[in-house]
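Source file query-v8.cif; content: mmCIF, N, CA, C and O atoms.
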data_model
#
loop_
_atom_site.label_atom_id
_atom_site.label_comp_id
_atom_site.auth_asym_id
_atom_site.auth_seq_id
_atom_site.Cartn_x
_atom_site.Cartn_y
_atom_site.Cartn_z
N MET A 173 51.64 15.49 151.34
CA MET A 173 50.78 14.89 152.34
C MET A 173 51.56 14.81 153.66
O MET A 173 52.71 14.42 153.69
N LYS A 174 50.90 15.17 154.73
CA LYS A 174 51.53 15.12 156.05
C LYS A 174 51.44 13.71 156.62
O LYS A 174 50.48 12.99 156.39
N SER A 175 52.45 13.37 157.37
CA SER A 175 52.42 12.05 158.01
C SER A 175 51.41 12.06 159.14
O SER A 175 51.06 13.11 159.69
N ARG A 176 50.95 10.90 159.48
CA ARG A 176 49.93 10.76 160.51
C ARG A 176 50.35 11.37 161.85
O ARG A 176 49.55 11.95 162.55
N GLY A 177 51.61 11.25 162.19
CA GLY A 177 52.09 11.74 163.48
C GLY A 177 52.16 13.25 163.61
O GLY A 177 52.15 13.78 164.71
N THR A 178 52.20 13.97 162.49
CA THR A 178 52.32 15.42 162.57
C THR A 178 50.99 16.13 162.59
O THR A 178 50.93 17.31 162.87
N VAL A 179 49.92 15.44 162.28
CA VAL A 179 48.60 16.06 162.25
C VAL A 179 47.93 15.83 163.59
O VAL A 179 47.76 14.70 164.02
N MET A 180 47.56 16.93 164.26
CA MET A 180 46.90 16.83 165.56
C MET A 180 45.40 17.04 165.37
O MET A 180 44.98 17.93 164.65
N SER A 181 44.61 16.25 166.03
CA SER A 181 43.17 16.46 166.00
C SER A 181 42.84 17.70 166.82
O SER A 181 43.65 18.17 167.61
N ARG A 182 41.64 18.22 166.66
CA ARG A 182 41.24 19.39 167.46
C ARG A 182 41.28 19.08 168.93
O ARG A 182 41.69 19.88 169.74
N ARG A 183 40.82 17.90 169.30
CA ARG A 183 40.80 17.51 170.71
C ARG A 183 42.22 17.46 171.26
O ARG A 183 42.50 17.97 172.34
N THR A 184 43.14 16.85 170.54
CA THR A 184 44.53 16.75 170.98
C THR A 184 45.17 18.12 171.05
O THR A 184 45.90 18.42 172.00
N ALA A 185 44.92 18.97 170.08
CA ALA A 185 45.50 20.31 170.06
C ALA A 185 44.98 21.11 171.24
O ALA A 185 45.71 21.84 171.89
N PHE A 186 43.68 21.01 171.53
CA PHE A 186 43.10 21.76 172.64
C PHE A 186 43.60 21.23 173.97
O PHE A 186 43.78 21.97 174.92
N ALA A 187 43.83 19.92 174.05
CA ALA A 187 44.26 19.30 175.30
C ALA A 187 45.77 19.36 175.49
O ALA A 187 46.30 18.75 176.38
N ALA A 188 46.45 20.09 174.63
CA ALA A 188 47.90 20.20 174.74
C ALA A 188 48.28 20.80 176.09
O ALA A 188 47.53 21.56 176.69
N THR A 189 49.44 20.45 176.55
CA THR A 189 49.93 20.94 177.83
C THR A 189 50.02 22.46 177.85
O THR A 189 50.49 23.07 176.91
N VAL A 190 49.57 23.05 178.95
CA VAL A 190 49.63 24.50 179.14
C VAL A 190 50.95 24.80 179.83
O VAL A 190 51.14 24.47 181.00
N SER A 191 51.88 25.41 179.11
CA SER A 191 53.19 25.70 179.71
C SER A 191 53.16 27.00 180.53
O SER A 191 53.88 27.12 181.51
N ASP A 192 52.35 27.97 180.13
CA ASP A 192 52.25 29.24 180.86
C ASP A 192 50.97 29.23 181.68
O ASP A 192 49.90 29.52 181.18
N TRP A 193 51.10 28.87 182.95
CA TRP A 193 49.92 28.77 183.81
C TRP A 193 49.23 30.11 183.98
O TRP A 193 48.04 30.16 184.30
N LYS A 194 49.94 31.22 183.76
CA LYS A 194 49.32 32.55 183.89
C LYS A 194 48.24 32.76 182.83
O LYS A 194 47.39 33.62 182.98
N SER A 195 48.24 31.96 181.77
CA SER A 195 47.23 32.08 180.72
C SER A 195 45.90 31.46 181.14
O SER A 195 44.88 31.66 180.48
N LEU A 196 45.90 30.69 182.23
CA LEU A 196 44.66 30.08 182.71
C LEU A 196 43.82 31.09 183.47
O LEU A 196 44.35 31.95 184.17
N LYS A 197 42.52 30.95 183.33
CA LYS A 197 41.57 31.84 184.00
C LYS A 197 40.68 31.02 184.93
O LYS A 197 40.46 29.83 184.71
N ALA A 198 40.13 31.67 185.94
CA ALA A 198 39.20 31.01 186.85
C ALA A 198 38.04 30.44 186.03
O ALA A 198 37.50 31.10 185.15
N GLY A 199 37.71 29.19 186.32
CA GLY A 199 36.62 28.52 185.62
C GLY A 199 37.07 27.64 184.47
O GLY A 199 36.29 26.84 183.97
N ASP A 200 38.33 27.77 184.04
CA ASP A 200 38.85 26.90 182.97
C ASP A 200 38.85 25.45 183.46
O ASP A 200 39.26 25.17 184.59
N ARG A 201 38.41 24.54 182.62
CA ARG A 201 38.43 23.11 182.94
C ARG A 201 39.78 22.54 182.54
O ARG A 201 40.20 22.70 181.39
N VAL A 202 40.47 21.91 183.49
CA VAL A 202 41.80 21.38 183.23
C VAL A 202 41.97 20.01 183.88
O VAL A 202 41.18 19.59 184.72
N GLU A 203 43.03 19.34 183.46
CA GLU A 203 43.47 18.08 184.07
C GLU A 203 44.90 18.27 184.55
O GLU A 203 45.69 18.94 183.89
N ILE A 204 45.21 17.67 185.68
CA ILE A 204 46.56 17.71 186.24
C ILE A 204 47.17 16.33 186.02
O ILE A 204 46.61 15.32 186.44
N VAL A 205 48.33 16.29 185.36
CA VAL A 205 48.97 15.03 184.98
C VAL A 205 50.41 15.03 185.46
O VAL A 205 51.10 16.06 185.41
N LYS A 206 50.86 13.87 185.93
CA LYS A 206 52.27 13.69 186.29
C LYS A 206 52.67 12.28 185.90
O LYS A 206 51.97 11.33 186.26
N HIS A 207 53.76 12.16 185.16
CA HIS A 207 54.25 10.87 184.69
C HIS A 207 53.15 10.10 183.95
O HIS A 207 52.93 8.91 184.19
N ALA A 208 52.42 10.81 183.09
CA ALA A 208 51.35 10.24 182.26
C ALA A 208 50.19 9.67 183.07
O ALA A 208 49.41 8.87 182.57
N GLN A 209 50.08 10.08 184.33
CA GLN A 209 48.98 9.62 185.17
C GLN A 209 48.12 10.81 185.57
O GLN A 209 48.64 11.84 186.04
N LEU A 210 46.82 10.69 185.39
CA LEU A 210 45.90 11.75 185.75
C LEU A 210 45.77 11.83 187.27
O LEU A 210 45.38 10.86 187.92
N LEU A 211 46.14 12.99 187.84
CA LEU A 211 46.06 13.18 189.28
C LEU A 211 44.74 13.80 189.70
O LEU A 211 44.19 13.48 190.75
N ALA A 212 44.26 14.76 188.90
CA ALA A 212 43.03 15.47 189.25
C ALA A 212 42.46 16.14 188.01
O ALA A 212 43.17 16.37 187.03
N ALA A 213 41.18 16.45 188.08
CA ALA A 213 40.52 17.18 187.02
C ALA A 213 39.48 18.08 187.67
O ALA A 213 38.87 17.72 188.68
N GLY A 214 39.30 19.25 187.12
CA GLY A 214 38.32 20.17 187.67
C GLY A 214 38.46 21.54 187.07
O GLY A 214 38.99 21.71 185.97
N GLU A 215 37.99 22.55 187.82
CA GLU A 215 38.03 23.94 187.37
C GLU A 215 39.10 24.71 188.12
O GLU A 215 39.28 24.55 189.32
N VAL A 216 39.79 25.57 187.39
CA VAL A 216 40.78 26.45 187.99
C VAL A 216 40.05 27.43 188.91
O VAL A 216 39.07 28.05 188.51
N GLU A 217 40.50 27.52 190.15
CA GLU A 217 39.95 28.52 191.06
C GLU A 217 40.78 29.80 191.00
O GLU A 217 40.25 30.89 190.92
N GLU A 218 42.12 29.61 190.99
CA GLU A 218 43.01 30.77 190.96
C GLU A 218 44.41 30.32 190.55
O GLU A 218 44.79 29.18 190.77
N VAL A 219 45.15 31.23 189.93
CA VAL A 219 46.55 31.01 189.58
C VAL A 219 47.34 32.16 190.19
O VAL A 219 46.91 33.32 190.13
N SER A 220 48.48 31.85 190.79
CA SER A 220 49.30 32.90 191.40
C SER A 220 49.81 33.88 190.34
O SER A 220 49.87 33.55 189.15
N ALA A 221 50.19 35.06 190.77
CA ALA A 221 50.70 36.09 189.86
C ALA A 221 51.97 35.62 189.15
O ALA A 221 52.21 35.98 188.00
N SER A 222 52.75 34.78 189.83
CA SER A 222 53.98 34.26 189.22
C SER A 222 53.70 33.14 188.21
O SER A 222 54.56 32.81 187.40
N GLY A 223 52.51 32.55 188.30
CA GLY A 223 52.17 31.45 187.41
C GLY A 223 52.77 30.13 187.82
O GLY A 223 52.82 29.19 187.03
N ASN A 224 53.22 30.02 189.05
CA ASN A 224 53.84 28.79 189.53
C ASN A 224 52.96 27.98 190.47
O ASN A 224 53.31 26.87 190.85
N VAL A 225 51.82 28.54 190.87
CA VAL A 225 50.91 27.87 191.80
C VAL A 225 49.50 27.93 191.22
O VAL A 225 49.08 28.96 190.72
N LEU A 226 48.80 26.79 191.31
CA LEU A 226 47.44 26.70 190.77
C LEU A 226 46.55 26.06 191.82
O LEU A 226 46.92 25.06 192.44
N TRP A 227 45.38 26.65 192.04
CA TRP A 227 44.38 26.08 192.92
C TRP A 227 43.28 25.51 192.03
O TRP A 227 42.74 26.19 191.16
N LEU A 228 42.94 24.25 192.27
CA LEU A 228 41.97 23.54 191.44
C LEU A 228 40.81 23.08 192.32
O LEU A 228 41.02 22.55 193.40
N VAL A 229 39.59 23.29 191.81
CA VAL A 229 38.40 22.78 192.50
C VAL A 229 37.98 21.51 191.76
O VAL A 229 37.43 21.59 190.67
N PRO A 230 38.31 20.34 192.32
CA PRO A 230 37.94 19.09 191.67
C PRO A 230 36.44 18.89 191.72
O PRO A 230 35.76 19.39 192.62
N GLY A 231 35.91 18.12 190.79
CA GLY A 231 34.49 17.87 190.73
C GLY A 231 33.94 17.18 191.97
O GLY A 231 32.86 17.51 192.44
N ALA A 232 34.67 16.24 192.55
CA ALA A 232 34.16 15.45 193.67
C ALA A 232 34.53 16.02 195.03
O ALA A 232 33.82 15.81 196.00
N ALA A 233 35.64 16.72 195.13
CA ALA A 233 36.13 17.20 196.43
C ALA A 233 35.60 18.61 196.72
O ALA A 233 35.56 19.45 195.83
N PRO A 234 35.20 18.87 197.96
CA PRO A 234 34.70 20.20 198.31
C PRO A 234 35.80 21.25 198.48
O PRO A 234 35.56 22.43 198.34
N GLU A 235 37.00 20.81 198.80
CA GLU A 235 38.12 21.72 199.06
C GLU A 235 39.00 21.88 197.82
O GLU A 235 39.30 20.89 197.15
N PRO A 236 39.45 23.10 197.54
CA PRO A 236 40.40 23.29 196.43
C PRO A 236 41.72 22.57 196.72
O PRO A 236 42.13 22.43 197.87
N GLN A 237 42.36 22.10 195.67
CA GLN A 237 43.66 21.46 195.78
C GLN A 237 44.72 22.40 195.24
O GLN A 237 44.48 23.13 194.28
N LEU A 238 45.90 22.35 195.83
CA LEU A 238 47.02 23.20 195.44
C LEU A 238 48.01 22.37 194.64
O LEU A 238 48.37 21.26 195.03
N PHE A 239 48.46 22.92 193.50
CA PHE A 239 49.48 22.26 192.68
C PHE A 239 50.59 23.25 192.39
O PHE A 239 50.32 24.41 192.09
N LEU A 240 51.83 22.77 192.48
CA LEU A 240 53.01 23.60 192.24
C LEU A 240 53.68 23.15 190.95
O LEU A 240 53.88 21.95 190.73
N LYS A 241 54.06 24.10 190.13
CA LYS A 241 54.77 23.79 188.89
C LYS A 241 56.08 23.09 189.20
O LYS A 241 56.51 22.18 188.48
N SER A 242 56.73 23.46 190.31
CA SER A 242 58.02 22.87 190.68
C SER A 242 57.92 21.39 191.05
O SER A 242 58.93 20.70 191.11
N ASP A 243 56.71 20.90 191.29
CA ASP A 243 56.52 19.47 191.60
C ASP A 243 56.51 18.61 190.33
O ASP A 243 56.38 17.39 190.42
N GLY A 244 56.61 19.25 189.17
CA GLY A 244 56.68 18.50 187.94
C GLY A 244 55.36 18.08 187.34
O GLY A 244 55.31 17.22 186.47
N VAL A 245 54.27 18.69 187.84
CA VAL A 245 52.96 18.36 187.26
C VAL A 245 52.75 19.14 185.99
O VAL A 245 53.32 20.22 185.81
N GLN A 246 51.93 18.59 185.11
CA GLN A 246 51.57 19.27 183.87
C GLN A 246 50.08 19.57 183.91
O GLN A 246 49.30 18.81 184.47
N VAL A 247 49.70 20.67 183.29
CA VAL A 247 48.30 21.06 183.20
C VAL A 247 47.90 21.01 181.74
O VAL A 247 48.63 21.50 180.88
N ARG A 248 46.76 20.39 181.48
CA ARG A 248 46.23 20.41 180.11
C ARG A 248 44.75 20.71 180.16
O ARG A 248 44.06 20.34 181.11
N ARG A 249 44.31 21.43 179.17
CA ARG A 249 42.89 21.80 179.09
C ARG A 249 42.06 20.56 178.81
O ARG A 249 42.47 19.67 178.09
N SER A 250 40.87 20.52 179.40
CA SER A 250 39.99 19.38 179.15
C SER A 250 38.67 19.83 178.57
O SER A 250 38.37 20.98 178.49
#

Starting from the coordinates I provided, produce the structure as structure tokens.
Amino acid sequence: MKSRGTVMSRRTAFAATVSDWKSLKAGDRVEIVKHAQLLAAGEVEEVSASGNVLWLVPGAAPEPQLFLKSDGVQVRRS
């Protein structure tokens, strides 16, 4: 029997942090998190070829937001 901590629910597994931003596609729904605080949520507009820059279209804001991997933010699918 597996311990409670090792079994991930489908929601938790799907919401796991995306380490390779190049795997994200336009239209993917994601959340941007830093220090366990939700900064933004919305749809991916574009990811740079290097996978270090992500443009996000938040639900409420008309303008895309820019996020840099080097700023220490994490992306997780929502």

Please write as a tab-separated table (two decimals) with N, CA, C and O atoms, in the coordinates of the input the full residue list that the PyMOL selection byres ((chain A and resi 198) around 8) yields on this file.
chain	number	residue	atom	x	y	z
A	195	SER	N	48.24	31.96	181.77
A	195	SER	CA	47.23	32.08	180.72
A	195	SER	C	45.90	31.46	181.14
A	195	SER	O	44.88	31.66	180.48
A	196	LEU	N	45.90	30.69	182.23
A	196	LEU	CA	44.66	30.08	182.71
A	196	LEU	C	43.82	31.09	183.47
A	196	LEU	O	44.35	31.95	184.17
A	197	LYS	N	42.52	30.95	183.33
A	197	LYS	CA	41.57	31.84	184.00
A	197	LYS	C	40.68	31.02	184.93
A	197	LYS	O	40.46	29.83	184.71
A	199	GLY	N	37.71	29.19	186.32
A	199	GLY	CA	36.62	28.52	185.62
A	199	GLY	C	37.07	27.64	184.47
A	199	GLY	O	36.29	26.84	183.97
A	200	ASP	N	38.33	27.77	184.04
A	200	ASP	CA	38.85	26.90	182.97
A	200	ASP	C	38.85	25.45	183.46
A	200	ASP	O	39.26	25.17	184.59
A	201	ARG	N	38.41	24.54	182.62
A	201	ARG	CA	38.43	23.11	182.94
A	201	ARG	C	39.78	22.54	182.54
A	201	ARG	O	40.20	22.70	181.39
A	215	GLU	N	37.99	22.55	187.82
A	215	GLU	CA	38.03	23.94	187.37
A	215	GLU	C	39.10	24.71	188.12
A	215	GLU	O	39.28	24.55	189.32
A	216	VAL	N	39.79	25.57	187.39
A	216	VAL	CA	40.78	26.45	187.99
A	216	VAL	C	40.05	27.43	188.91
A	216	VAL	O	39.07	28.05	188.51
A	217	GLU	N	40.50	27.52	190.15
A	217	GLU	CA	39.95	28.52	191.06
A	217	GLU	C	40.78	29.80	191.00
A	217	GLU	O	40.25	30.89	190.92
A	218	GLU	N	42.12	29.61	190.99
A	218	GLU	CA	43.01	30.77	190.96
A	218	GLU	C	44.41	30.32	190.55
A	218	GLU	O	44.79	29.18	190.77
A	219	VAL	N	45.15	31.23	189.93
A	219	VAL	CA	46.55	31.01	189.58
A	219	VAL	C	47.34	32.16	190.19
A	219	VAL	O	46.91	33.32	190.13
A	227	TRP	N	45.38	26.65	192.04
A	227	TRP	CA	44.38	26.08	192.92
A	227	TRP	C	43.28	25.51	192.03
A	227	TRP	O	42.74	26.19	191.16

- Query: In terms of the shortest atom-to-atom distance over only C-alpha atoms, which of A:Leu226, A:Val205, A:Leu238, A:Ala232 is closest to Asp192 of chain A?
  - Reply: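 Smallest distance to Asp192 of chain A is found for A:Leu226.
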
Can you list, as an mmCIF file with N, CA, C and O atoms, in the coordinates of the input, every protein, DNA or RNA residue that comes within 9 Å of Gly244 of chain A when you count only C-alpha atoms, leaving out same-chain residues fewer than 2 positions away?
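The resulting file, around30.cif, is shown below:
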data_model
loop_
_atom_site.group_PDB
_atom_site.id
_atom_site.type_symbol
_atom_site.label_atom_id
_atom_site.label_comp_id
_atom_site.auth_asym_id
_atom_site.auth_seq_id
_atom_site.Cartn_x
_atom_site.Cartn_y
_atom_site.Cartn_z
ATOM 1 N N VAL A 205 48.330 16.290 185.360
ATOM 2 C CA VAL A 205 48.970 15.030 184.980
ATOM 3 C C VAL A 205 50.410 15.030 185.460
ATOM 4 O O VAL A 205 51.100 16.060 185.410
ATOM 5 N N LYS A 206 50.860 13.870 185.930
ATOM 6 C CA LYS A 206 52.270 13.690 186.290
ATOM 7 C C LYS A 206 52.670 12.280 185.900
ATOM 8 O O LYS A 206 51.970 11.330 186.260
ATOM 9 N N HIS A 207 53.760 12.160 185.160
ATOM 10 C CA HIS A 207 54.250 10.870 184.690
ATOM 11 C C HIS A 207 53.150 10.100 183.950
ATOM 12 O O HIS A 207 52.930 8.910 184.190
ATOM 13 N N LEU A 240 51.830 22.770 192.480
ATOM 14 C CA LEU A 240 53.010 23.600 192.240
ATOM 15 C C LEU A 240 53.680 23.150 190.950
ATOM 16 O O LEU A 240 53.880 21.950 190.730
ATOM 17 N N LYS A 241 54.060 24.100 190.130
ATOM 18 C CA LYS A 241 54.770 23.790 188.890
ATOM 19 C C LYS A 241 56.080 23.090 189.200
ATOM 20 O O LYS A 241 56.510 22.180 188.480
ATOM 21 N N SER A 242 56.730 23.460 190.310
ATOM 22 C CA SER A 242 58.020 22.870 190.680
ATOM 23 C C SER A 242 57.920 21.390 191.050
ATOM 24 O O SER A 242 58.930 20.700 191.110
ATOM 25 N N GLN A 246 51.930 18.590 185.110
ATOM 26 C CA GLN A 246 51.570 19.270 183.870
ATOM 27 C C GLN A 246 50.080 19.570 183.910
ATOM 28 O O GLN A 246 49.300 18.810 184.470
#

- Message: Which residues are close to Glu203 of chain A, i.e. within 4.5 Å by only N, CA, C and O atoms, leaving aside same-chain residues fewer than 4 positions away? Reply as a VMD selection string.
- Response: chain A and resid 212 to 213 246 to 248

Kindly export the residues of the current selection with N, CA, C and O atoms, as a short mmCIF file (atom, residue, chain, number, x, y, z; two decimals), in the coordinates of the input.
data_model
loop_
_atom_site.label_atom_id
_atom_site.label_comp_id
_atom_site.auth_asym_id
_atom_site.auth_seq_id
_atom_site.Cartn_x
_atom_site.Cartn_y
_atom_site.Cartn_z
N ALA A 212 44.26 14.76 188.90
CA ALA A 212 43.03 15.47 189.25
C ALA A 212 42.46 16.14 188.01
O ALA A 212 43.17 16.37 187.03
N ALA A 213 41.18 16.45 188.08
CA ALA A 213 40.52 17.18 187.02
C ALA A 213 39.48 18.08 187.67
O ALA A 213 38.87 17.72 188.68
N GLN A 246 51.93 18.59 185.11
CA GLN A 246 51.57 19.27 183.87
C GLN A 246 50.08 19.57 183.91
O GLN A 246 49.30 18.81 184.47
N VAL A 247 49.70 20.67 183.29
CA VAL A 247 48.30 21.06 183.20
C VAL A 247 47.90 21.01 181.74
O VAL A 247 48.63 21.50 180.88
N ARG A 248 46.76 20.39 181.48
CA ARG A 248 46.23 20.41 180.11
C ARG A 248 44.75 20.71 180.16
O ARG A 248 44.06 20.34 181.11
#

- Note on the structure: Shortest contact to Val190 of chain A, candidates A:Ala221, A:Ala208, A:Val229, A:Val245, atoms counted only N, CA, C and O atoms, goes to A:Val245

- Work out how far apart atom O of Ser191 of chain A and atom N of Asp243 of chain A are and give it in Å to one decimal.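 Distance between the two atoms: 11.9 Å.
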
- So how far away is atom CA of Gly214 of chain A from atom CA of Pro234 of chain A, in Å?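 About the pair atom CA of Pro234 of chain A and atom CA of Gly214 of chain A: they are 11.2 Å apart.
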
- Message: Calculated over only N, CA, C and O atoms, which of the candidates A:Arg249, A:Lys194, A:Leu210, A:Ala188 has the smallest distance to Gly223 of chain A?
- Response: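 Selected residue with least distance to Gly223 of chain A: A:Lys194.
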
Size and centre in Å, one decimal, axis-aligned box, all listed segment 222-226 of chain A atoms plus 4 Å per side, as JSON:
{"center_x": 50.6, "center_y": 29.9, "center_z": 189.7, "size_x": 16.0, "size_y": 17.7, "size_z": 13.4}
